[in-house]
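Enquirer: This one is start.txt, compact mmCIF, C-alpha atoms.
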# COMPACT_ATOMS: atom_id res chain seq x y z
CA MET A 1 0.00 0.00 0.00
CA GLY A 2 1.23 3.47 -0.78
CA LYS A 3 1.80 6.07 1.88
CA LEU A 4 -0.80 8.50 0.53
CA MET A 5 -4.09 7.89 2.35
CA SER A 6 -7.15 9.52 3.85
CA ILE A 7 -6.97 11.21 7.23
CA LEU A 8 -9.05 8.40 8.76
CA GLU A 9 -6.74 5.72 7.38
CA ALA A 10 -3.71 7.69 8.60
CA ILE A 11 -4.93 8.06 12.19
CA GLU A 12 -6.38 4.55 12.46
CA PRO A 13 -3.20 3.02 14.02
CA ILE A 14 -3.22 5.52 16.91
CA LYS A 15 -4.22 3.87 20.20
CA ASP A 16 -5.53 5.04 23.56
CA GLY A 17 -2.62 6.03 25.79
CA ASP A 18 -0.20 6.73 22.94
CA THR A 19 2.50 9.36 23.22
CA ILE A 20 2.08 11.77 20.31
CA LEU A 21 4.69 14.28 19.16
CA VAL A 22 3.06 17.28 17.46
CA GLY A 23 5.05 19.61 15.20
CA GLY A 24 4.71 23.38 14.99
CA PHE A 25 5.83 26.63 16.52
CA GLY A 26 2.44 28.08 17.43
CA PRO A 27 0.29 27.71 14.30
CA MET A 28 3.32 27.60 11.98
CA GLY A 29 4.11 24.04 10.98
CA TYR A 30 1.22 22.76 13.12
CA PRO A 31 -0.70 19.85 11.54
CA GLY A 32 -4.13 21.29 12.23
CA ARG A 33 -6.22 19.06 9.95
CA VAL A 34 -4.98 15.78 11.41
CA MET A 35 -5.35 17.12 14.95
CA ARG A 36 -8.91 18.18 14.20
CA ALA A 37 -9.66 14.71 12.82
CA ILE A 38 -8.37 13.10 16.02
CA LEU A 39 -10.69 15.35 17.98
CA LYS A 40 -13.78 15.06 15.78
CA GLN A 41 -13.53 11.60 14.26
CA THR A 42 -12.04 9.43 16.98
CA GLU A 43 -12.67 8.76 20.63
CA LEU A 44 -8.99 8.32 21.44
CA LYS A 45 -8.24 9.03 25.08
CA ASP A 46 -5.47 9.10 27.69
CA LEU A 47 -3.12 10.58 25.10
CA PHE A 48 0.25 12.02 26.12
CA PHE A 49 1.34 14.96 23.99
CA VAL A 50 4.81 16.31 23.32
CA ALA A 51 4.33 19.72 21.71
CA ASN A 52 6.21 23.00 21.93
CA ALA A 53 3.15 25.05 22.78
CA ALA A 54 -0.51 25.08 23.63
CA ASN A 55 -2.58 28.10 22.64
CA GLN A 56 -6.34 28.29 23.07
CA ASN A 57 -6.66 30.97 20.34
CA TYR A 58 -4.61 29.40 17.56
CA LEU A 59 -4.55 25.66 18.31
CA VAL A 60 -8.22 25.10 19.00
CA ALA A 61 -8.57 21.35 18.36
CA PHE A 62 -5.43 20.73 20.40
CA GLU A 63 -6.87 22.79 23.27
CA LYS A 64 -9.99 20.62 23.28
CA LEU A 65 -7.94 17.41 23.18
CA LEU A 66 -5.91 18.67 26.14
CA ARG A 67 -9.09 19.39 28.04
CA THR A 68 -10.76 16.02 27.60
CA ARG A 69 -8.56 13.28 26.12
CA THR A 70 -5.13 13.80 27.60
CA ARG A 71 -3.22 12.21 30.48
CA GLY A 72 -0.18 14.44 30.25
CA MET A 73 1.99 16.75 28.21
CA ILE A 74 5.54 18.03 27.82
CA ALA A 75 5.71 21.60 26.43
CA THR A 76 7.78 24.78 26.64
CA PHE A 77 5.25 27.63 26.42
CA THR A 78 1.52 27.40 27.05
CA ARG A 79 0.14 30.92 27.23
CA PRO A 80 -2.72 31.40 26.79
CA SER A 81 -4.19 27.97 27.39
CA ALA A 82 -6.77 27.30 30.10
CA ALA A 83 -6.40 23.55 29.49
CA ALA A 84 -2.63 23.72 30.00
CA ASP A 85 -3.03 25.86 33.13
CA LYS A 86 -5.34 23.21 34.57
CA MET A 87 -2.92 20.41 33.68
CA TYR A 88 -0.04 22.36 35.22
CA ASN A 89 -1.95 22.80 38.47
CA GLU A 90 -2.82 19.10 38.50
CA GLY A 91 0.79 18.10 37.88
CA THR A 92 0.28 16.51 34.46
CA LEU A 93 2.03 19.20 32.42
CA GLU A 94 5.81 19.33 32.46
CA ILE A 95 7.28 22.64 31.27
CA ILE A 96 10.86 22.35 30.00
CA PRO A 97 13.28 24.73 28.23
CA GLN A 98 12.81 24.86 24.46
CA GLY A 99 16.39 23.93 23.57
CA THR A 100 16.19 20.95 25.90
CA PHE A 101 12.83 20.07 24.35
CA SER A 102 14.21 20.05 20.81
CA GLU A 103 17.43 18.24 21.74
CA ARG A 104 15.57 15.56 23.73
CA ILE A 105 13.49 14.84 20.61
CA ARG A 106 16.53 14.96 18.33
CA ALA A 107 18.33 12.56 20.69
CA GLY A 108 15.29 10.27 20.73
CA GLY A 109 15.51 9.93 16.98
CA ALA A 110 19.28 9.73 16.86
CA GLY A 111 19.85 6.77 19.17
CA ILE A 112 21.24 8.93 21.98
CA PRO A 113 19.59 7.99 25.29
CA ALA A 114 20.61 11.11 27.20
CA PHE A 115 22.86 14.18 27.04
CA PHE A 116 24.21 16.90 29.31
CA THR A 117 23.20 20.57 29.14
CA PRO A 118 23.93 23.57 31.36
CA VAL A 119 20.39 24.88 30.83
CA GLY A 120 18.19 24.79 33.91
CA PHE A 121 20.96 24.57 36.48
CA GLY A 122 19.96 26.56 39.57
CA THR A 123 16.24 26.49 38.64
CA ALA A 124 13.32 24.13 39.20
CA VAL A 125 14.36 22.30 36.02
CA GLU A 126 17.26 20.64 37.89
CA GLU A 127 15.00 18.90 40.42
CA GLY A 128 15.44 15.13 40.38
CA LYS A 129 18.04 15.18 37.62
CA THR A 130 21.50 13.67 37.55
CA LYS A 131 24.15 16.39 37.73
CA MET A 132 27.68 16.20 36.49
CA VAL A 133 30.69 18.47 36.45
CA ILE A 134 32.49 18.26 33.12
CA ASP A 135 35.69 20.25 32.64
CA GLY A 136 34.78 22.36 35.65
CA LYS A 137 31.29 23.29 34.50
CA GLU A 138 27.98 22.03 35.91
CA TYR A 139 25.49 20.16 33.72
CA LEU A 140 22.16 18.38 34.00
CA MET A 141 21.48 15.04 32.38
CA GLU A 142 18.43 15.15 30.12
CA LYS A 143 16.88 11.99 28.69
CA ALA A 144 15.77 11.47 25.11
CA ILE A 145 12.09 11.69 24.19
CA LYS A 146 10.50 9.05 21.98
CA GLY A 147 6.92 8.77 20.86
CA ASP A 148 4.50 6.23 19.51
CA VAL A 149 3.29 8.69 16.89
CA ALA A 150 4.55 11.92 15.31
CA ILE A 151 2.17 14.25 13.50
CA ILE A 152 3.82 16.92 11.40
CA LYS A 153 3.15 19.35 8.57
CA ALA A 154 5.24 19.83 5.44
CA THR A 155 5.08 22.42 2.70
CA LYS A 156 5.47 19.74 0.07
CA VAL A 157 5.81 15.95 0.23
CA ASP A 158 6.46 13.33 -2.44
CA LEU A 159 4.79 9.93 -2.58
CA ASP A 160 7.80 8.29 -0.88
CA GLY A 161 7.34 10.70 2.02
CA ASN A 162 10.28 13.01 1.34
CA CYS A 163 9.30 16.31 2.97
CA PHE A 164 10.23 19.89 2.15
CA MET A 165 9.47 22.34 4.96
CA SER A 166 9.69 25.97 3.98
CA GLY A 167 11.22 28.81 6.02
CA CYS A 168 10.55 28.72 9.75
CA THR A 169 8.04 25.86 9.55
CA LYS A 170 10.77 23.22 10.01
CA ASN A 171 11.02 23.87 13.76
CA PHE A 172 10.20 20.68 15.71
CA GLY A 173 8.41 18.81 12.92
CA ALA A 174 11.74 18.18 11.22
CA LEU A 175 13.01 16.36 14.33
CA MET A 176 9.96 14.36 15.38
CA PRO A 177 9.64 11.66 12.67
CA ALA A 178 12.88 9.94 13.66
CA ALA A 179 11.78 9.87 17.31
CA ALA A 180 8.42 8.18 16.66
CA LYS A 181 7.42 4.66 15.61
CA TYR A 182 4.74 5.96 13.24
CA THR A 183 4.67 9.35 11.51
CA ILE A 184 1.84 11.12 9.73
CA VAL A 185 2.66 14.15 7.57
CA GLU A 186 -0.01 16.50 6.30
CA ALA A 187 0.71 18.74 3.32
CA GLU A 188 -1.19 20.92 0.89
CA GLU A 189 1.06 19.82 -1.95
CA VAL A 190 1.75 16.14 -2.69
CA VAL A 191 3.97 15.45 -5.70
CA LYS A 192 5.41 12.49 -7.61
CA VAL A 193 8.69 10.96 -6.50
CA GLY A 194 11.53 12.95 -8.01
CA LYS A 195 9.66 16.24 -8.01
CA ILE A 196 11.39 17.51 -4.86
CA ASP A 197 15.03 18.50 -5.34
CA PRO A 198 16.98 16.01 -3.15
CA GLU A 199 19.05 18.95 -1.89
CA LEU A 200 15.86 20.44 -0.43
CA VAL A 201 14.55 17.41 1.47
CA THR A 202 14.06 18.42 5.12
CA VAL A 203 12.92 14.95 6.29
CA PRO A 204 13.89 11.78 4.39
CA GLY A 205 10.92 9.73 3.25
CA ILE A 206 11.96 6.53 5.05
CA LEU A 207 10.83 8.22 8.29
CA ILE A 208 7.31 8.89 7.00
CA ASP A 209 4.54 6.28 7.21
CA ALA A 210 1.38 8.15 6.19
CA ILE A 211 0.84 11.12 3.87
CA VAL A 212 -2.36 13.12 4.06
CA LYS A 213 -3.18 15.73 1.43
CA VAL A 214 -5.13 18.62 2.90
CA GLY A 215 -6.77 21.72 1.48
CA ALA A 216 -5.27 25.19 1.87
CA MET B 1 10.85 64.38 18.72
CA ALA B 2 11.10 62.97 22.21
CA LEU B 3 10.95 59.19 22.40
CA ASP B 4 8.44 57.44 24.65
CA TRP B 5 10.10 55.44 27.42
CA ARG B 6 9.87 52.13 25.56
CA ASN B 7 11.66 53.48 22.51
CA PHE B 8 14.16 55.30 24.74
CA VAL B 9 15.06 51.99 26.41
CA ALA B 10 15.10 50.19 23.06
CA ARG B 11 17.48 52.77 21.57
CA ARG B 12 19.82 52.69 24.58
CA VAL B 13 19.98 48.89 24.33
CA ALA B 14 20.68 49.07 20.59
CA MET B 15 23.62 51.39 21.32
CA LEU B 16 25.22 48.54 23.33
CA PHE B 17 25.50 46.37 20.20
CA GLU B 18 28.78 45.96 18.37
CA ASP B 19 29.54 45.29 14.74
CA GLY B 20 29.15 41.59 13.94
CA ASP B 21 27.02 40.70 16.94
CA VAL B 22 24.51 37.86 16.61
CA ILE B 23 21.49 38.91 18.67
CA ASN B 24 18.28 37.26 19.86
CA LEU B 25 15.45 39.60 20.84
CA GLY B 26 12.66 38.47 23.14
CA ILE B 27 8.99 39.36 22.86
CA GLY B 28 7.55 42.65 24.14
CA LEU B 29 9.77 45.72 24.41
CA PRO B 30 12.79 44.09 22.72
CA THR B 31 10.81 43.85 19.47
CA LEU B 32 11.17 47.65 19.19
CA ILE B 33 14.96 47.40 19.14
CA PRO B 34 15.48 46.72 15.39
CA ASN B 35 14.11 50.23 14.66
CA HIS B 36 16.92 51.74 16.73
CA ILE B 37 20.02 49.85 15.59
CA PRO B 38 22.51 52.60 14.66
CA ALA B 39 22.97 53.11 10.90
CA GLY B 40 26.02 51.32 9.53
CA LEU B 41 26.19 48.78 12.34
CA LYS B 42 26.01 45.26 10.93
CA VAL B 43 24.34 42.85 13.33
CA THR B 44 22.51 39.57 12.67
CA LEU B 45 19.19 38.89 14.36
CA GLN B 46 18.43 35.28 15.32
CA GLY B 47 14.98 33.85 15.99
CA GLU B 48 14.93 30.65 18.04
CA ASN B 49 12.11 29.43 15.80
CA GLY B 50 14.81 28.65 13.22
CA VAL B 51 16.08 31.75 11.47
CA LEU B 52 19.19 33.92 11.21
CA GLY B 53 19.14 37.29 9.47
CA LEU B 54 15.66 38.51 10.41
CA GLY B 55 14.73 41.72 8.62
CA PRO B 56 11.97 44.26 9.15
CA ALA B 57 8.28 43.36 9.19
CA PRO B 58 6.92 43.08 5.63
CA PRO B 59 4.13 45.20 4.15
CA LEU B 60 0.84 43.27 4.30
CA HIS B 61 0.84 42.39 0.59
CA GLU B 62 4.33 40.89 0.80
CA ILE B 63 3.83 38.50 3.74
CA ASN B 64 5.44 35.08 3.35
CA LYS B 65 3.51 32.92 5.81
CA ASP B 66 6.57 30.75 6.44
CA VAL B 67 8.75 33.65 7.66
CA PHE B 68 8.11 34.89 11.17
CA ASP B 69 9.90 35.72 14.38
CA ALA B 70 9.81 33.88 17.70
CA GLY B 71 6.92 36.05 18.86
CA GLY B 72 4.91 34.82 15.88
CA ALA B 73 5.02 38.17 14.04
CA TRP B 74 5.54 38.19 10.25
CA ALA B 75 9.10 39.00 9.33
CA THR B 76 11.45 39.17 6.36
CA LEU B 77 14.82 37.59 5.72
CA ASN B 78 17.80 39.81 4.95
CA PRO B 79 20.22 38.81 2.16
CA GLY B 80 22.57 36.20 3.63
CA GLY B 81 19.92 34.92 6.05
CA SER B 82 19.10 31.27 6.60
CA PHE B 83 16.45 28.89 7.93
CA PHE B 84 16.98 25.74 10.00
CA ASP B 85 15.18 23.41 12.40
CA SER B 86 14.94 23.91 16.16
CA ALA B 87 17.79 21.52 16.99
CA VAL B 88 20.17 23.61 14.89
CA SER B 89 18.65 26.80 16.27
CA PHE B 90 19.35 25.76 19.84
CA ALA B 91 22.75 24.37 18.90
CA LEU B 92 23.54 27.95 17.88
CA ILE B 93 22.23 29.19 21.22
CA ARG B 94 23.57 26.48 23.54
CA GLY B 95 26.84 26.35 21.63
CA GLY B 96 27.57 29.98 22.48
CA HIS B 97 27.17 31.33 18.95
CA VAL B 98 24.64 33.98 20.00
CA ASP B 99 26.44 37.03 21.38
CA ILE B 100 23.58 38.91 22.99
CA THR B 101 20.06 38.14 24.13
CA VAL B 102 17.69 40.91 25.16
CA LEU B 103 14.53 40.04 27.07
CA GLY B 104 12.02 41.30 29.59
CA ALA B 105 11.76 40.27 33.23
CA LEU B 106 9.20 40.03 36.00
CA GLN B 107 11.99 40.12 38.58
CA VAL B 108 15.76 40.46 38.48
CA ASP B 109 18.16 40.55 41.42
CA THR B 110 21.61 41.54 42.63
CA GLU B 111 23.09 38.13 41.77
CA GLY B 112 21.92 38.41 38.18
CA ASN B 113 19.09 35.93 38.71
CA LEU B 114 16.10 36.41 36.42
CA ALA B 115 12.46 35.37 36.77
CA ASN B 116 10.09 35.79 33.84
CA TRP B 117 8.11 32.60 33.34
CA MET B 118 5.52 32.53 36.10
CA VAL B 119 3.82 34.44 38.89
CA PRO B 120 3.02 31.86 41.58
CA GLY B 121 -0.71 31.32 41.92
CA LYS B 122 -1.51 33.74 39.11
CA LEU B 123 0.13 33.11 35.78
CA MET B 124 2.15 30.38 34.14
CA ALA B 125 3.55 31.13 30.69
CA GLY B 126 6.40 28.63 30.37
CA TYR B 127 10.06 29.05 29.54
CA GLY B 128 9.90 29.07 25.77
CA GLY B 129 13.50 29.55 24.62
CA ALA B 130 14.37 32.07 27.33
CA MET B 131 16.10 29.64 29.67
CA ASP B 132 18.48 28.37 26.99
CA LEU B 133 19.16 31.92 25.79
CA ILE B 134 19.99 33.44 29.17
CA THR B 135 22.11 30.46 30.21
CA CYS B 136 24.17 30.32 27.03
CA ALA B 137 24.26 33.71 25.27
CA LYS B 138 27.52 35.55 25.88
CA LYS B 139 25.74 38.67 27.15
CA VAL B 140 22.27 38.91 28.70
CA ILE B 141 20.52 42.28 28.69
CA VAL B 142 17.23 42.80 30.51
CA ALA B 143 15.13 45.59 28.96
CA MET B 144 12.04 46.52 30.94
CA GLU B 145 10.02 49.15 32.78
CA HIS B 146 11.76 49.80 36.07
CA THR B 147 8.67 49.02 38.16
CA ASN B 148 5.40 47.15 37.72
CA LYS B 149 2.88 49.98 38.25
CA GLY B 150 5.12 51.39 40.98
CA ASP B 151 6.04 48.04 42.56
CA PRO B 152 9.76 47.23 42.38
CA LYS B 153 11.03 44.57 39.95
CA ILE B 154 14.71 44.75 40.93
CA PHE B 155 15.35 42.89 44.18
CA ASN B 156 18.14 41.76 46.45
CA LYS B 157 16.71 38.27 45.92
CA CYS B 158 14.06 37.17 43.42
CA THR B 159 10.98 35.61 45.01
CA PHE B 160 9.40 34.16 41.85
CA PRO B 161 10.71 30.85 40.43
CA LEU B 162 13.85 31.55 38.39
CA THR B 163 14.26 31.32 34.65
CA GLY B 164 18.03 31.50 35.10
CA ALA B 165 20.59 31.82 37.88
CA HIS B 166 23.55 34.20 37.75
CA CYS B 167 22.92 35.09 34.14
CA VAL B 168 22.01 38.78 33.74
CA ASP B 169 24.79 41.19 32.75
CA ILE B 170 23.02 44.50 32.15
CA ILE B 171 19.60 45.92 33.10
CA VAL B 172 18.25 48.83 31.05
CA THR B 173 15.05 50.51 32.24
CA ASN B 174 13.26 53.82 31.84
CA MET B 175 15.12 54.99 34.98
CA ALA B 176 18.65 53.61 34.74
CA LEU B 177 21.30 51.46 33.11
CA ILE B 178 22.62 49.02 35.69
CA GLU B 179 25.47 46.52 35.48
CA VAL B 180 25.41 43.29 37.48
CA THR B 181 28.83 43.00 39.14
CA ASP B 182 30.42 40.70 41.73
CA LYS B 183 29.93 43.50 44.28
CA GLY B 184 26.27 44.11 43.44
CA LEU B 185 24.20 46.27 41.14
CA LEU B 186 26.28 49.13 39.77
CA VAL B 187 24.30 52.07 38.41
CA LYS B 188 26.17 53.30 35.34
CA GLU B 189 23.59 55.77 34.03
CA ILE B 190 20.45 57.50 35.30
CA ALA B 191 17.69 58.69 32.98
CA PRO B 192 17.51 62.47 32.51
CA ASP B 193 14.14 62.82 34.25
CA THR B 194 15.04 60.57 37.21
CA THR B 195 16.67 61.56 40.51
CA ILE B 196 18.82 59.26 42.65
CA GLU B 197 16.11 59.35 45.32
CA GLN B 198 13.43 58.30 42.84
CA LEU B 199 15.65 55.49 41.55
CA LYS B 200 16.31 54.18 45.06
CA ALA B 201 12.62 54.39 45.97
CA ALA B 202 11.67 52.40 42.87
CA THR B 203 14.25 49.66 43.53
CA GLU B 204 14.10 47.06 46.32
CA ALA B 205 17.71 46.02 45.77
CA ASP B 206 20.68 47.86 47.21
CA LEU B 207 22.33 49.91 44.49
CA ILE B 208 25.91 51.04 44.08
CA ILE B 209 25.70 54.59 42.76
CA PRO B 210 29.08 56.16 42.03
CA ASP B 211 29.54 59.92 42.43
CA ASP B 212 30.28 60.26 38.73
CA VAL B 213 27.18 58.34 37.54
CA LYS B 214 26.33 59.43 34.01
CA VAL B 215 23.09 60.71 32.58
CA MET B 216 21.53 58.12 30.26
CA THR B 217 21.41 59.54 26.78
CA VAL B 218 20.57 58.17 23.36
CA TYR B 219 21.52 59.38 19.89
CA GLU B 220 19.11 61.84 18.24
Do you think you could lay out the structure here as structure tokens?
Expert:
Amino acid sequence: MGKLMSILEAIEPIKDGDTILVGGFGPMGYPGRVMRAILKQTELKDLFFVANAANQNYLVAFEKLLRTRTRGMIATFTRPSAAADKMYNEGTLEIIPQGTFSERIRAGGAGIPAFFTPVGFGTAVEEGKTKMVIDGKEYLMEKAIKGDVAIIKATKVDLDGNCFMSGCTKNFGALMPAAAKYTIVEAEEVVKVGKIDPELVTVPGILIDAIVKVGA
Amino acid sequence: MALDWRNFVARRVAMLFEDGDVINLGIGLPTLIPNHIPAGLKVTLQGENGVLGLGPAPPLHEINKDVFDAGGAWATLNPGGSFFDSAVSFALIRGGHVDITVLGALQVDTEGNLANWMVPGKLMAGYGGAMDLITCAKKVIVAMEHTNKGDPKIFNKCTFPLTGAHCVDIIVTNMALIEVTDKGLLVKEIAPDTTIEQLKAATEADLIIPDDVKVMTVYE
């Protein structure tokens, strides 16, 4: 079977309790159509999300999923989001620094179980973490993040899954496919194999499992 | 034309930049800074959302929806600019390749600690990229209003949860330019319409104010 499929076919393998990595920096690079389909056309529950941000004004379907179908989330910035505020107060939202967020995902996809960073030392971020002094400087150990599913958006994708992400839309979506067992990409433009310049492939197609063509 | 206090602070901060600096500007007041970068000075603006070489905001009919800054505002790319993913973006930041970061604060203190991500019991925004930036940029400049509606923001010790410890180098406000030193907060400049008494009254922290403290001025 080819990788190009309907939204319903693409989201069918997602299970209750799955950890889902969601691309996007605010609305830019955010796979809004697939997220809306998960909200409207499934009853998936107890999901754990890894997403840079929540925002009740721009990421509306995500906000509703956080309110009703979510057991936890890792994020870096969640203002304004009433759902995220509630999760934070209940202890199910972990806020982490954005560079640590992106590197934990990169590491997850790169076969690196953990790494050391100076970021967060002397703040609440260091609580419970292994510390190490390397060459006289203090670091925290941060563990890789892996997911069951990644959902990302590309500017253009070919039928093998090779993705081109334009401008600033690469952000976290470019890192997430390698860190997930199953990746869905949504794109407004789906082209034949060979129609994307290999020099401009942001994500190699072997990391993509499902391609969903969406309207503008 | 006299500048309002925000643009006055933005211009004074811009005058601290040096040729060749790579600079990350936070949201809020720092977004005014590009308008005040002295003519002829070549600096490169980085956005942690994956861009180097940010240019001015585009006219509405020329918006490219894939080019924006870390505050989500539409932007342009200067010649020589580049785009990359967030891992590369934070490699630039964590790797020490960003010279200066300018950002706002809820609280800052004599040890250079900075708090800007939450007000306990009231507001939780998150760290975004601020924690990486203030830990790893070579120079950290806080640009803000000196008080929050009259309540001090500069303390001997921050009470809100920290975004970064021992990280702030310079604080520029509508009242003063202050350097964080091993001995404490050293007032280098006082705004023209501010007296030493007013500055002390608006600041919870102890201040070191030398006899020859300068008046804070910006280029016309």
Enquirer: Would you list the contacts of Lys15 of chain A as a PyMOL selection string, taking every protein, DNA or RNA residue within 12 Å and counting only C-alpha atoms, but skipping same-chain residues closer than 4 positions in sequence?
Expert: chain A and resi 11+19-20+38+42-48+69+148-149+182
Enquirer: If we count only C-alpha atoms, what is near segment 188-203 of chain A at a cut-off of 9 Å, once residues fewer than 5 positions away on the same chain are taken out, given as a ChimeraX atom specification?
Expert: /A:4,153-166,170,173-175,177-178,208,211-216 /B:85
Enquirer: Residues of chain A within 7 Å of chain B, using only C-alpha atoms, as a PyMOL selection string?
Expert: chain A and resi 25+76-79+85+95-99+102-103+106+119-120+122-123+166-172+174
Enquirer: Once you have the residues from the selection above, write them out as a PDB file, keeping the file's coordinate frame, restricted to C-alpha atoms.
Expert:
ATOM      1  CA  PHE A  25       5.830  26.630  16.520  1.00  0.00           C
ATOM      2  CA  THR A  76       7.780  24.780  26.640  1.00  0.00           C
ATOM      3  CA  PHE A  77       5.250  27.630  26.420  1.00  0.00           C
ATOM      4  CA  THR A  78       1.520  27.400  27.050  1.00  0.00           C
ATOM      5  CA  ARG A  79       0.140  30.920  27.230  1.00  0.00           C
ATOM      6  CA  ASP A  85      -3.030  25.860  33.130  1.00  0.00           C
ATOM      7  CA  ILE A  95       7.280  22.640  31.270  1.00  0.00           C
ATOM      8  CA  ILE A  96      10.860  22.350  30.000  1.00  0.00           C
ATOM      9  CA  PRO A  97      13.280  24.730  28.230  1.00  0.00           C
ATOM     10  CA  GLN A  98      12.810  24.860  24.460  1.00  0.00           C
ATOM     11  CA  GLY A  99      16.390  23.930  23.570  1.00  0.00           C
ATOM     12  CA  SER A 102      14.210  20.050  20.810  1.00  0.00           C
ATOM     13  CA  GLU A 103      17.430  18.240  21.740  1.00  0.00           C
ATOM     14  CA  ARG A 106      16.530  14.960  18.330  1.00  0.00           C
ATOM     15  CA  VAL A 119      20.390  24.880  30.830  1.00  0.00           C
ATOM     16  CA  GLY A 120      18.190  24.790  33.910  1.00  0.00           C
ATOM     17  CA  GLY A 122      19.960  26.560  39.570  1.00  0.00           C
ATOM     18  CA  THR A 123      16.240  26.490  38.640  1.00  0.00           C
ATOM     19  CA  SER A 166       9.690  25.970   3.980  1.00  0.00           C
ATOM     20  CA  GLY A 167      11.220  28.810   6.020  1.00  0.00           C
ATOM     21  CA  CYS A 168      10.550  28.720   9.750  1.00  0.00           C
ATOM     22  CA  THR A 169       8.040  25.860   9.550  1.00  0.00           C
ATOM     23  CA  LYS A 170      10.770  23.220  10.010  1.00  0.00           C
ATOM     24  CA  ASN A 171      11.020  23.870  13.760  1.00  0.00           C
ATOM     25  CA  PHE A 172      10.200  20.680  15.710  1.00  0.00           C
ATOM     26  CA  ALA A 174      11.740  18.180  11.220  1.00  0.00           C
TER      27      ALA A 174
END
Enquirer: In terms of the shortest atom-to-atom distance over all atoms listed in the file, which of A:Glu94, A:Glu127, A:Glu142, A:Asp135 is closest to Phe115 of chain A?
Expert: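 So, comparing all the options, the nearest one is A:Glu142.
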Enquirer: Neighbouring residues of Glu179 of chain B were defined as those with any atom within 10 Å, considering all atoms listed in the file; residues of the same chain fewer than 3 positions away were excluded. Please report them as a PDB file with C-alpha atoms, keeping the file's coordinate frame.
Expert:
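Contents of the output file out_33.pdb:
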ATOM      1  CA  THR B 110      21.610  41.540  42.630  1.00  0.00           C
ATOM      2  CA  GLY B 112      21.920  38.410  38.180  1.00  0.00           C
ATOM      3  CA  ILE B 141      20.520  42.280  28.690  1.00  0.00           C
ATOM      4  CA  VAL B 168      22.010  38.780  33.740  1.00  0.00           C
ATOM      5  CA  ASP B 169      24.790  41.190  32.750  1.00  0.00           C
ATOM      6  CA  ILE B 170      23.020  44.500  32.150  1.00  0.00           C
ATOM      7  CA  ILE B 171      19.600  45.920  33.100  1.00  0.00           C
ATOM      8  CA  VAL B 172      18.250  48.830  31.050  1.00  0.00           C
ATOM      9  CA  ALA B 176      18.650  53.610  34.740  1.00  0.00           C
ATOM     10  CA  ASP B 182      30.420  40.700  41.730  1.00  0.00           C
ATOM     11  CA  GLY B 184      26.270  44.110  43.440  1.00  0.00           C
ATOM     12  CA  LEU B 185      24.200  46.270  41.140  1.00  0.00           C
ATOM     13  CA  LEU B 186      26.280  49.130  39.770  1.00  0.00           C
ATOM     14  CA  VAL B 187      24.300  52.070  38.410  1.00  0.00           C
ATOM     15  CA  LYS B 188      26.170  53.300  35.340  1.00  0.00           C
ATOM     16  CA  GLU B 189      23.590  55.770  34.030  1.00  0.00           C
ATOM     17  CA  ILE B 208      25.910  51.040  44.080  1.00  0.00           C
TER      18      ILE B 208
END
Enquirer: When you look at segment 60-68 of chain A with a cut-off of 9 Å (counting all atoms listed in the file), what residues show up, excluding the ones that are within fewer than 5 positions of it in the same chain? I need them as an mmCIF file with C-alpha atoms, in the frame of the given file.
Expert:
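Dumped to part29.cif:
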data_model
loop_
_atom_site.group_PDB
_atom_site.id
_atom_site.type_symbol
_atom_site.label_atom_id
_atom_site.label_comp_id
_atom_site.auth_asym_id
_atom_site.auth_seq_id
_atom_site.Cartn_x
_atom_site.Cartn_y
_atom_site.Cartn_z
ATOM 1 C CA GLY A 32 -4.130 21.290 12.230
ATOM 2 C CA MET A 35 -5.350 17.120 14.950
ATOM 3 C CA ARG A 36 -8.910 18.180 14.200
ATOM 4 C CA ALA A 37 -9.660 14.710 12.820
ATOM 5 C CA ILE A 38 -8.370 13.100 16.020
ATOM 6 C CA LEU A 39 -10.690 15.350 17.980
ATOM 7 C CA LYS A 40 -13.780 15.060 15.780
ATOM 8 C CA LYS A 45 -8.240 9.030 25.080
ATOM 9 C CA ASP A 46 -5.470 9.100 27.690
ATOM 10 C CA LEU A 47 -3.120 10.580 25.100
ATOM 11 C CA PHE A 49 1.340 14.960 23.990
ATOM 12 C CA ALA A 54 -0.510 25.080 23.630
ATOM 13 C CA ASN A 55 -2.580 28.100 22.640
ATOM 14 C CA MET A 73 1.990 16.750 28.210
ATOM 15 C CA SER A 81 -4.190 27.970 27.390
ATOM 16 C CA ALA A 82 -6.770 27.300 30.100
ATOM 17 C CA ALA A 83 -6.400 23.550 29.490
ATOM 18 C CA ALA A 84 -2.630 23.720 30.000
ATOM 19 C CA LYS A 86 -5.340 23.210 34.570
ATOM 20 C CA MET A 87 -2.920 20.410 33.680
#
Enquirer: Could you state the separation of atom CA of Pro30 of chain B and atom CA of Gln46 of chain B in Å, given to one decimal place?
Expert: 12.8 Å
